[in-house]
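K.L.:
One file is attached below, run_14.cif, containing mmCIF, N, CA and C atoms.
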```
data_model
#
loop_
_atom_site.label_atom_id
_atom_site.label_comp_id
_atom_site.auth_asym_id
_atom_site.auth_seq_id
_atom_site.Cartn_x
_atom_site.Cartn_y
_atom_site.Cartn_z
N MET A 1 0.82 -1.18 0.00
CA MET A 1 0.00 0.00 0.00
C MET A 1 0.87 1.26 0.00
N THR A 2 1.90 1.26 0.84
CA THR A 2 2.80 2.41 0.92
C THR A 2 3.47 2.68 -0.41
N GLU A 3 3.87 1.61 -1.09
CA GLU A 3 4.51 1.75 -2.39
C GLU A 3 3.56 2.40 -3.39
N LEU A 4 2.30 2.00 -3.37
CA LEU A 4 1.31 2.57 -4.29
C LEU A 4 1.07 4.05 -4.03
N ILE A 5 0.95 4.41 -2.76
CA ILE A 5 0.70 5.81 -2.40
C ILE A 5 1.89 6.69 -2.73
N SER A 6 3.10 6.19 -2.51
CA SER A 6 4.30 7.00 -2.76
C SER A 6 4.55 7.22 -4.23
N GLY A 7 4.06 6.32 -5.08
CA GLY A 7 4.28 6.45 -6.51
C GLY A 7 5.61 5.90 -6.97
N ASN A 8 6.40 5.33 -6.07
CA ASN A 8 7.69 4.75 -6.43
C ASN A 8 7.55 3.24 -6.59
N ALA A 9 7.74 2.78 -7.79
CA ALA A 9 7.62 1.34 -8.05
C ALA A 9 8.89 0.62 -7.60
N VAL A 10 8.73 -0.55 -7.03
CA VAL A 10 9.85 -1.38 -6.63
C VAL A 10 9.90 -2.57 -7.57
N TYR A 11 11.05 -2.73 -8.22
CA TYR A 11 11.22 -3.84 -9.14
C TYR A 11 12.17 -4.84 -8.53
N ASN A 12 11.76 -6.09 -8.48
CA ASN A 12 12.58 -7.13 -7.88
C ASN A 12 13.37 -7.83 -8.98
N SER A 13 14.67 -7.53 -9.05
CA SER A 13 15.52 -8.13 -10.07
C SER A 13 16.19 -9.41 -9.59
N ASN A 14 15.98 -9.79 -8.35
CA ASN A 14 16.60 -10.99 -7.78
C ASN A 14 15.65 -12.17 -7.95
N VAL A 15 15.23 -12.45 -9.17
CA VAL A 15 14.23 -13.50 -9.41
C VAL A 15 14.78 -14.89 -9.16
N SER A 16 16.09 -15.08 -9.21
CA SER A 16 16.65 -16.40 -8.96
C SER A 16 16.78 -16.68 -7.47
N ALA A 17 16.54 -15.69 -6.62
CA ALA A 17 16.57 -15.83 -5.16
C ALA A 17 17.92 -16.33 -4.66
N ASN A 18 18.99 -15.77 -5.15
CA ASN A 18 20.33 -16.09 -4.67
C ASN A 18 20.54 -15.36 -3.36
N VAL A 19 20.79 -16.09 -2.30
CA VAL A 19 20.94 -15.50 -0.97
C VAL A 19 22.09 -14.50 -0.92
N LEU A 20 23.11 -14.70 -1.74
CA LEU A 20 24.24 -13.77 -1.75
C LEU A 20 23.82 -12.36 -2.20
N LYS A 21 22.66 -12.25 -2.85
CA LYS A 21 22.15 -10.94 -3.28
C LYS A 21 21.09 -10.40 -2.32
N SER A 22 21.02 -10.96 -1.14
CA SER A 22 20.02 -10.57 -0.15
C SER A 22 20.15 -9.11 0.25
N LYS A 23 19.05 -8.57 0.74
CA LYS A 23 19.00 -7.21 1.28
C LYS A 23 18.76 -7.30 2.78
N PHE A 24 19.39 -6.42 3.53
CA PHE A 24 19.18 -6.33 4.97
C PHE A 24 18.72 -4.92 5.30
N TYR A 25 17.68 -4.83 6.11
CA TYR A 25 17.14 -3.57 6.58
C TYR A 25 17.26 -3.57 8.10
N VAL A 26 17.75 -2.46 8.68
CA VAL A 26 17.91 -2.38 10.13
C VAL A 26 17.19 -1.13 10.62
N CYS A 27 16.30 -1.32 11.59
CA CYS A 27 15.55 -0.19 12.14
C CYS A 27 16.44 0.61 13.09
N PRO A 28 16.56 1.93 12.88
CA PRO A 28 17.39 2.76 13.76
C PRO A 28 16.76 2.98 15.13
N VAL A 29 15.48 2.69 15.27
CA VAL A 29 14.79 2.90 16.55
C VAL A 29 14.93 1.69 17.47
N CYS A 30 14.60 0.50 16.95
CA CYS A 30 14.59 -0.69 17.81
C CYS A 30 15.67 -1.71 17.48
N GLY A 31 16.38 -1.52 16.36
CA GLY A 31 17.42 -2.46 15.98
C GLY A 31 16.91 -3.71 15.28
N ASN A 32 15.63 -3.73 14.94
CA ASN A 32 15.03 -4.86 14.24
C ASN A 32 15.80 -5.13 12.95
N ILE A 33 16.06 -6.41 12.65
CA ILE A 33 16.78 -6.81 11.44
C ILE A 33 15.80 -7.51 10.52
N ILE A 34 15.64 -7.00 9.31
CA ILE A 34 14.75 -7.61 8.35
C ILE A 34 15.57 -8.06 7.15
N HIS A 35 15.39 -9.32 6.78
CA HIS A 35 16.11 -9.90 5.65
C HIS A 35 15.12 -10.06 4.50
N SER A 36 15.56 -9.68 3.30
CA SER A 36 14.71 -9.81 2.12
C SER A 36 15.51 -10.42 0.99
N MET A 37 14.88 -11.29 0.22
CA MET A 37 15.55 -11.91 -0.93
C MET A 37 15.60 -10.97 -2.12
N GLY A 38 14.92 -9.85 -2.06
CA GLY A 38 14.91 -8.88 -3.15
C GLY A 38 14.48 -7.52 -2.64
N GLU A 39 14.12 -6.65 -3.55
CA GLU A 39 13.68 -5.30 -3.18
C GLU A 39 12.37 -5.38 -2.38
N ALA A 40 12.22 -4.48 -1.42
CA ALA A 40 11.01 -4.43 -0.60
C ALA A 40 10.82 -3.02 -0.07
N VAL A 41 9.59 -2.68 0.27
CA VAL A 41 9.28 -1.42 0.95
C VAL A 41 8.95 -1.81 2.38
N ILE A 42 9.82 -1.39 3.31
CA ILE A 42 9.68 -1.83 4.70
C ILE A 42 9.68 -0.61 5.62
N HIS A 43 8.71 -0.61 6.53
CA HIS A 43 8.61 0.42 7.56
C HIS A 43 8.72 -0.25 8.93
N CYS A 44 9.39 0.42 9.85
CA CYS A 44 9.43 -0.04 11.24
C CYS A 44 9.39 1.22 12.10
N HIS A 45 8.50 1.26 13.06
CA HIS A 45 8.31 2.43 13.93
C HIS A 45 8.02 3.69 13.11
N GLY A 46 7.33 3.54 11.99
CA GLY A 46 6.98 4.68 11.16
C GLY A 46 8.11 5.21 10.30
N VAL A 47 9.26 4.53 10.30
CA VAL A 47 10.42 4.95 9.53
C VAL A 47 10.54 4.07 8.29
N LEU A 48 10.67 4.69 7.11
CA LEU A 48 10.91 3.94 5.89
C LEU A 48 12.36 3.49 5.89
N LEU A 49 12.59 2.18 5.87
CA LEU A 49 13.93 1.64 5.92
C LEU A 49 14.49 1.46 4.52
N THR A 50 15.77 1.72 4.38
CA THR A 50 16.46 1.46 3.12
C THR A 50 17.42 0.30 3.34
N ALA A 51 17.64 -0.45 2.27
CA ALA A 51 18.54 -1.59 2.37
C ALA A 51 19.95 -1.09 2.68
N GLU A 52 20.59 -1.73 3.63
CA GLU A 52 21.95 -1.38 4.00
C GLU A 52 22.92 -1.82 2.90
N THR A 53 23.79 -0.92 2.49
CA THR A 53 24.84 -1.29 1.54
C THR A 53 26.06 -1.71 2.34
N ALA A 54 26.78 -2.67 1.82
CA ALA A 54 27.92 -3.21 2.57
C ALA A 54 29.23 -2.69 2.01
N GLU A 55 30.16 -2.44 2.89
CA GLU A 55 31.52 -2.06 2.53
C GLU A 55 32.45 -3.17 2.98
N ARG A 56 33.62 -3.25 2.35
CA ARG A 56 34.62 -4.22 2.82
C ARG A 56 35.03 -3.85 4.23
N SER A 57 35.29 -4.87 5.06
CA SER A 57 35.71 -4.59 6.43
C SER A 57 37.00 -3.77 6.40
N ASP A 58 37.12 -2.85 7.36
CA ASP A 58 38.27 -1.95 7.40
C ASP A 58 39.04 -2.15 8.71
N GLU A 59 40.03 -1.31 8.93
CA GLU A 59 40.87 -1.44 10.13
C GLU A 59 40.10 -1.23 11.43
N SER A 60 39.08 -0.38 11.42
CA SER A 60 38.32 -0.16 12.64
C SER A 60 37.27 -1.26 12.87
N HIS A 61 37.07 -2.11 11.88
CA HIS A 61 36.16 -3.26 11.98
C HIS A 61 36.86 -4.48 11.39
N LYS A 62 38.00 -4.81 11.94
CA LYS A 62 38.81 -5.90 11.40
C LYS A 62 38.18 -7.25 11.74
N ILE A 63 38.03 -8.07 10.72
CA ILE A 63 37.40 -9.38 10.89
C ILE A 63 38.45 -10.48 10.80
N THR A 64 38.32 -11.47 11.69
CA THR A 64 39.20 -12.64 11.68
C THR A 64 38.32 -13.86 11.51
N VAL A 65 38.66 -14.70 10.53
CA VAL A 65 37.92 -15.94 10.31
C VAL A 65 38.90 -17.09 10.42
N GLU A 66 38.58 -18.03 11.32
CA GLU A 66 39.45 -19.18 11.56
C GLU A 66 38.66 -20.46 11.30
N LYS A 67 39.27 -21.40 10.59
CA LYS A 67 38.62 -22.70 10.35
C LYS A 67 38.89 -23.60 11.55
N ILE A 68 37.81 -24.09 12.16
CA ILE A 68 37.90 -25.03 13.27
C ILE A 68 36.99 -26.20 12.94
N GLU A 69 37.61 -27.33 12.58
CA GLU A 69 36.89 -28.53 12.15
C GLU A 69 35.93 -28.17 11.01
N ASP A 70 34.62 -28.36 11.20
CA ASP A 70 33.67 -28.08 10.12
C ASP A 70 32.98 -26.72 10.29
N GLU A 71 33.60 -25.82 11.06
CA GLU A 71 33.01 -24.51 11.31
C GLU A 71 33.99 -23.38 11.01
N TYR A 72 33.41 -22.18 10.82
CA TYR A 72 34.19 -20.95 10.79
C TYR A 72 33.98 -20.26 12.13
N PHE A 73 35.07 -19.87 12.78
CA PHE A 73 35.00 -19.06 13.99
C PHE A 73 35.28 -17.63 13.55
N VAL A 74 34.30 -16.75 13.71
CA VAL A 74 34.38 -15.37 13.23
C VAL A 74 34.44 -14.43 14.42
N LYS A 75 35.41 -13.53 14.38
CA LYS A 75 35.56 -12.52 15.45
C LYS A 75 35.85 -11.18 14.79
N ILE A 76 35.18 -10.14 15.27
CA ILE A 76 35.39 -8.79 14.76
C ILE A 76 36.06 -7.97 15.85
N ASP A 77 37.14 -7.31 15.49
CA ASP A 77 37.92 -6.50 16.42
C ASP A 77 37.23 -5.16 16.61
N ARG A 78 36.25 -5.14 17.48
CA ARG A 78 35.47 -3.93 17.76
C ARG A 78 34.97 -4.03 19.19
N ALA A 79 35.22 -3.00 19.99
CA ALA A 79 34.72 -2.98 21.37
C ALA A 79 33.20 -2.95 21.34
N MET A 80 32.57 -3.66 22.24
CA MET A 80 31.11 -3.73 22.31
C MET A 80 30.65 -2.92 23.52
N THR A 81 30.20 -1.69 23.29
CA THR A 81 29.70 -0.83 24.36
C THR A 81 28.21 -0.60 24.16
N LYS A 82 27.57 0.04 25.12
CA LYS A 82 26.14 0.32 25.00
C LYS A 82 25.83 1.23 23.81
N ASN A 83 26.75 2.11 23.47
CA ASN A 83 26.50 3.07 22.40
C ASN A 83 27.10 2.70 21.06
N HIS A 84 28.06 1.79 21.04
CA HIS A 84 28.73 1.40 19.79
C HIS A 84 28.96 -0.11 19.83
N TYR A 85 28.19 -0.84 19.03
CA TYR A 85 28.25 -2.29 19.09
C TYR A 85 27.89 -2.91 17.74
N LEU A 86 28.17 -4.19 17.61
CA LEU A 86 27.77 -4.96 16.44
C LEU A 86 26.39 -5.56 16.70
N SER A 87 25.51 -5.43 15.74
CA SER A 87 24.14 -5.92 15.89
C SER A 87 24.00 -7.38 15.49
N PHE A 88 24.71 -7.78 14.42
CA PHE A 88 24.64 -9.17 14.00
C PHE A 88 25.85 -9.54 13.15
N ILE A 89 26.09 -10.85 13.05
CA ILE A 89 27.06 -11.42 12.12
C ILE A 89 26.30 -12.49 11.35
N ALA A 90 26.48 -12.54 10.03
CA ALA A 90 25.78 -13.53 9.21
C ALA A 90 26.75 -14.20 8.26
N ALA A 91 26.51 -15.48 8.00
CA ALA A 91 27.27 -16.24 7.02
C ALA A 91 26.32 -16.57 5.88
N LEU A 92 26.72 -16.25 4.64
CA LEU A 92 25.86 -16.46 3.48
C LEU A 92 26.49 -17.42 2.48
N SER A 93 25.65 -18.28 1.94
CA SER A 93 26.03 -19.10 0.80
C SER A 93 24.98 -18.81 -0.27
N CYS A 94 25.06 -19.46 -1.41
CA CYS A 94 24.10 -19.15 -2.47
C CYS A 94 22.68 -19.59 -2.13
N ASP A 95 22.52 -20.51 -1.18
CA ASP A 95 21.18 -21.01 -0.89
C ASP A 95 20.76 -20.93 0.58
N LYS A 96 21.60 -20.36 1.45
CA LYS A 96 21.18 -20.25 2.85
C LYS A 96 21.91 -19.12 3.57
N ILE A 97 21.31 -18.75 4.70
CA ILE A 97 21.89 -17.72 5.55
C ILE A 97 21.83 -18.22 6.99
N GLU A 98 22.89 -17.94 7.73
CA GLU A 98 22.92 -18.24 9.16
C GLU A 98 23.27 -16.93 9.84
N LEU A 99 22.42 -16.45 10.74
CA LEU A 99 22.58 -15.15 11.36
C LEU A 99 22.67 -15.32 12.87
N VAL A 100 23.63 -14.63 13.48
CA VAL A 100 23.77 -14.62 14.94
C VAL A 100 23.55 -13.20 15.42
N LYS A 101 22.56 -13.00 16.27
CA LYS A 101 22.25 -11.69 16.84
C LYS A 101 23.23 -11.41 17.97
N LEU A 102 23.82 -10.21 17.97
CA LEU A 102 24.74 -9.79 19.03
C LEU A 102 24.10 -8.67 19.83
N TYR A 103 24.62 -8.43 21.04
CA TYR A 103 24.03 -7.43 21.93
C TYR A 103 25.11 -6.53 22.51
N PRO A 104 24.75 -5.27 22.85
CA PRO A 104 25.72 -4.36 23.45
C PRO A 104 26.38 -4.99 24.68
N GLU A 105 27.66 -4.74 24.83
CA GLU A 105 28.46 -5.24 25.93
C GLU A 105 28.56 -6.76 25.96
N GLY A 106 28.21 -7.41 24.85
CA GLY A 106 28.30 -8.86 24.76
C GLY A 106 29.49 -9.28 23.92
N SER A 107 29.46 -10.49 23.47
CA SER A 107 30.54 -11.05 22.67
C SER A 107 30.47 -10.53 21.23
N ASN A 108 31.62 -10.42 20.58
CA ASN A 108 31.68 -9.96 19.19
C ASN A 108 32.17 -11.09 18.28
N GLU A 109 31.70 -12.31 18.54
CA GLU A 109 32.14 -13.46 17.80
C GLU A 109 30.99 -14.43 17.57
N ALA A 110 31.17 -15.32 16.57
CA ALA A 110 30.15 -16.31 16.24
C ALA A 110 30.79 -17.49 15.55
N ARG A 111 30.06 -18.61 15.51
CA ARG A 111 30.50 -19.82 14.80
C ARG A 111 29.46 -20.18 13.77
N PHE A 112 29.93 -20.58 12.59
CA PHE A 112 29.04 -20.96 11.51
C PHE A 112 29.51 -22.24 10.86
N LYS A 113 28.58 -23.08 10.42
CA LYS A 113 28.93 -24.26 9.63
C LYS A 113 29.59 -23.80 8.34
N ARG A 114 30.65 -24.48 7.92
CA ARG A 114 31.43 -24.05 6.75
C ARG A 114 30.78 -24.39 5.42
N SER A 115 29.85 -25.31 5.38
CA SER A 115 29.34 -25.83 4.12
C SER A 115 28.80 -24.73 3.20
N GLY A 116 29.55 -24.43 2.16
CA GLY A 116 29.11 -23.50 1.12
C GLY A 116 29.20 -22.02 1.44
N VAL A 117 29.65 -21.64 2.63
CA VAL A 117 29.69 -20.22 3.00
C VAL A 117 30.68 -19.48 2.11
N GLU A 118 30.19 -18.39 1.49
CA GLU A 118 31.02 -17.59 0.59
C GLU A 118 31.28 -16.18 1.12
N LYS A 119 30.42 -15.71 2.02
CA LYS A 119 30.53 -14.32 2.48
C LYS A 119 30.13 -14.22 3.94
N ILE A 120 30.86 -13.38 4.69
CA ILE A 120 30.51 -13.04 6.07
C ILE A 120 30.09 -11.57 6.08
N LEU A 121 28.95 -11.29 6.69
CA LEU A 121 28.44 -9.93 6.84
C LEU A 121 28.31 -9.61 8.32
N PHE A 122 28.49 -8.34 8.65
CA PHE A 122 28.19 -7.90 10.01
C PHE A 122 27.76 -6.46 9.98
N TYR A 123 27.01 -6.05 11.01
CA TYR A 123 26.43 -4.72 11.05
C TYR A 123 26.82 -4.00 12.33
N CYS A 124 27.41 -2.82 12.16
CA CYS A 124 27.78 -1.95 13.27
C CYS A 124 26.69 -0.88 13.41
N ASN A 125 26.19 -0.66 14.61
CA ASN A 125 25.09 0.28 14.79
C ASN A 125 25.46 1.73 14.43
N ARG A 126 26.73 2.07 14.40
CA ARG A 126 27.16 3.42 14.02
C ARG A 126 27.65 3.53 12.58
N ASP A 127 28.39 2.51 12.14
CA ASP A 127 29.09 2.61 10.87
C ASP A 127 28.49 1.82 9.72
N GLY A 128 27.44 1.04 9.98
CA GLY A 128 26.76 0.32 8.91
C GLY A 128 27.23 -1.11 8.71
N ARG A 129 26.97 -1.61 7.52
CA ARG A 129 27.21 -3.02 7.21
C ARG A 129 28.54 -3.21 6.53
N PHE A 130 29.25 -4.29 6.90
CA PHE A 130 30.54 -4.64 6.33
C PHE A 130 30.51 -6.10 5.89
N TYR A 131 31.42 -6.45 4.99
CA TYR A 131 31.48 -7.84 4.54
C TYR A 131 32.92 -8.27 4.29
N MET A 132 33.06 -9.60 4.18
CA MET A 132 34.32 -10.20 3.82
C MET A 132 33.99 -11.42 2.96
N ASN A 133 34.57 -11.51 1.78
CA ASN A 133 34.42 -12.70 0.94
C ASN A 133 35.40 -13.76 1.40
N LEU A 134 34.95 -15.00 1.44
CA LEU A 134 35.83 -16.10 1.84
C LEU A 134 36.42 -16.78 0.62
#
```
Kindly transcribe the structure held in the file into structure tokens.

P.N.:
Amino acid sequence: MTELISGNAVYNSNVSANVLKSKFYVCPVCGNIIHSMGEAVIHCHGVLLTAETAERSDESHKITVEKIEDEYFVKIDRAMTKNHYLSFIAALSCDKIELVKLYPEGSNEARFKRSGVEKILFYCNRDGRFYMNL
């Protein structure tokens, strides 16, 4: 309905539903994480959300991925405070996603099954979304 009223058409070009092309929307009010396989018009707390664009991880968000048996152990070098923290870490393959929700003042690490994982994504509440290709 919102899309119709706004007059802005949303075209979904991800017809093959490749998870690696997924969109993530994060509410700035409550931190809600919404995953979409394609374009969507999403509101949370009355705010129109835009899909987060990802940047390569940088020095202030350094990611370490270690292979341990059949898992990836992922750790991001970022202090977790009440005001500056990582919201989630996700492992993506072409057909599945595994997401671990993180919390302020909590751990900044996660473990994921290695099968088919091609990309690690994570979201910083201040600096946005980052990724690393495996």

K.L.:
Do you have the atom C of A:Glu39-atom CA of A:Ile97 distance handy?

P.N.:
17.5 Å

K.L.:
Could you give me, as a list in words, the residues within 5 Å of A:Ile76, counting all atoms listed in the file and dropping anything in the same chain fewer than 2 positions from it?

P.N.:
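In the requested format, the answer is Lys62, Ile63, Thr64, Val74, Arg78 and Asn108 of chain A.
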
K.L.:
Can you check which residues of chain A DSSP gives as strand (DSSP E) on the backbone and send them as JSON, numbers by chain?

P.N.:
{"A": [23, 24, 25, 26, 33, 34, 35, 36, 42, 43, 44, 47, 48, 49, 54, 55, 56, 62, 63, 64, 65, 66, 67, 68, 71, 72, 73, 74, 75, 76, 77, 86, 87, 88, 89, 90, 91, 92, 97, 98, 99, 100, 101, 109, 110, 111, 112, 113, 119, 120, 121, 122, 123, 124, 128, 129, 130, 131, 132, 133]}

K.L.:
If you measure from atom CA of A:Pro104 to atom CA of A:Val47, what distance in Å do you get, rounded to one decimal?

P.N.:
22.7 Å

K.L.:
Quick one: pull the distance between atom CA of A:Lys21 and atom CA of A:Glu109, Å, one decimal.

P.N.:
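Spanning atom CA of A:Lys21 to atom CA of A:Glu109 is a straight-line distance of 23.5 Å.
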
K.L.:
Tell me which protein, DNA and RNA residues are within 5 Å of A:Tyr131, counting only N, CA and C atoms, leaving out same-chain ones fewer than 5 positions away, and put them as a list in words.

P.N.:
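Returned residues: Glu55, Arg56, Ser57, Ile120 and Leu121 of chain A.
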
K.L.:
Would you pick out the contacts of A:Ala110 at 8 Å or less, using all atoms listed in the file, so that residues sharing its chain but fewer than 2 positions from it are not included, and give the list as JSON, numbers by chain?

P.N.:
{"A": [72, 73, 74, 75, 76, 89, 100, 107, 108, 112, 113]}

K.L.:
Which residue gives the smallest distance to A:Arg114 among A:Cys30, A:Glu71, A:Ala54, A:Met132, with all atoms listed in the file counted?

P.N.:
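Among the listed residues, the smallest separation from A:Arg114 belongs to A:Glu71.
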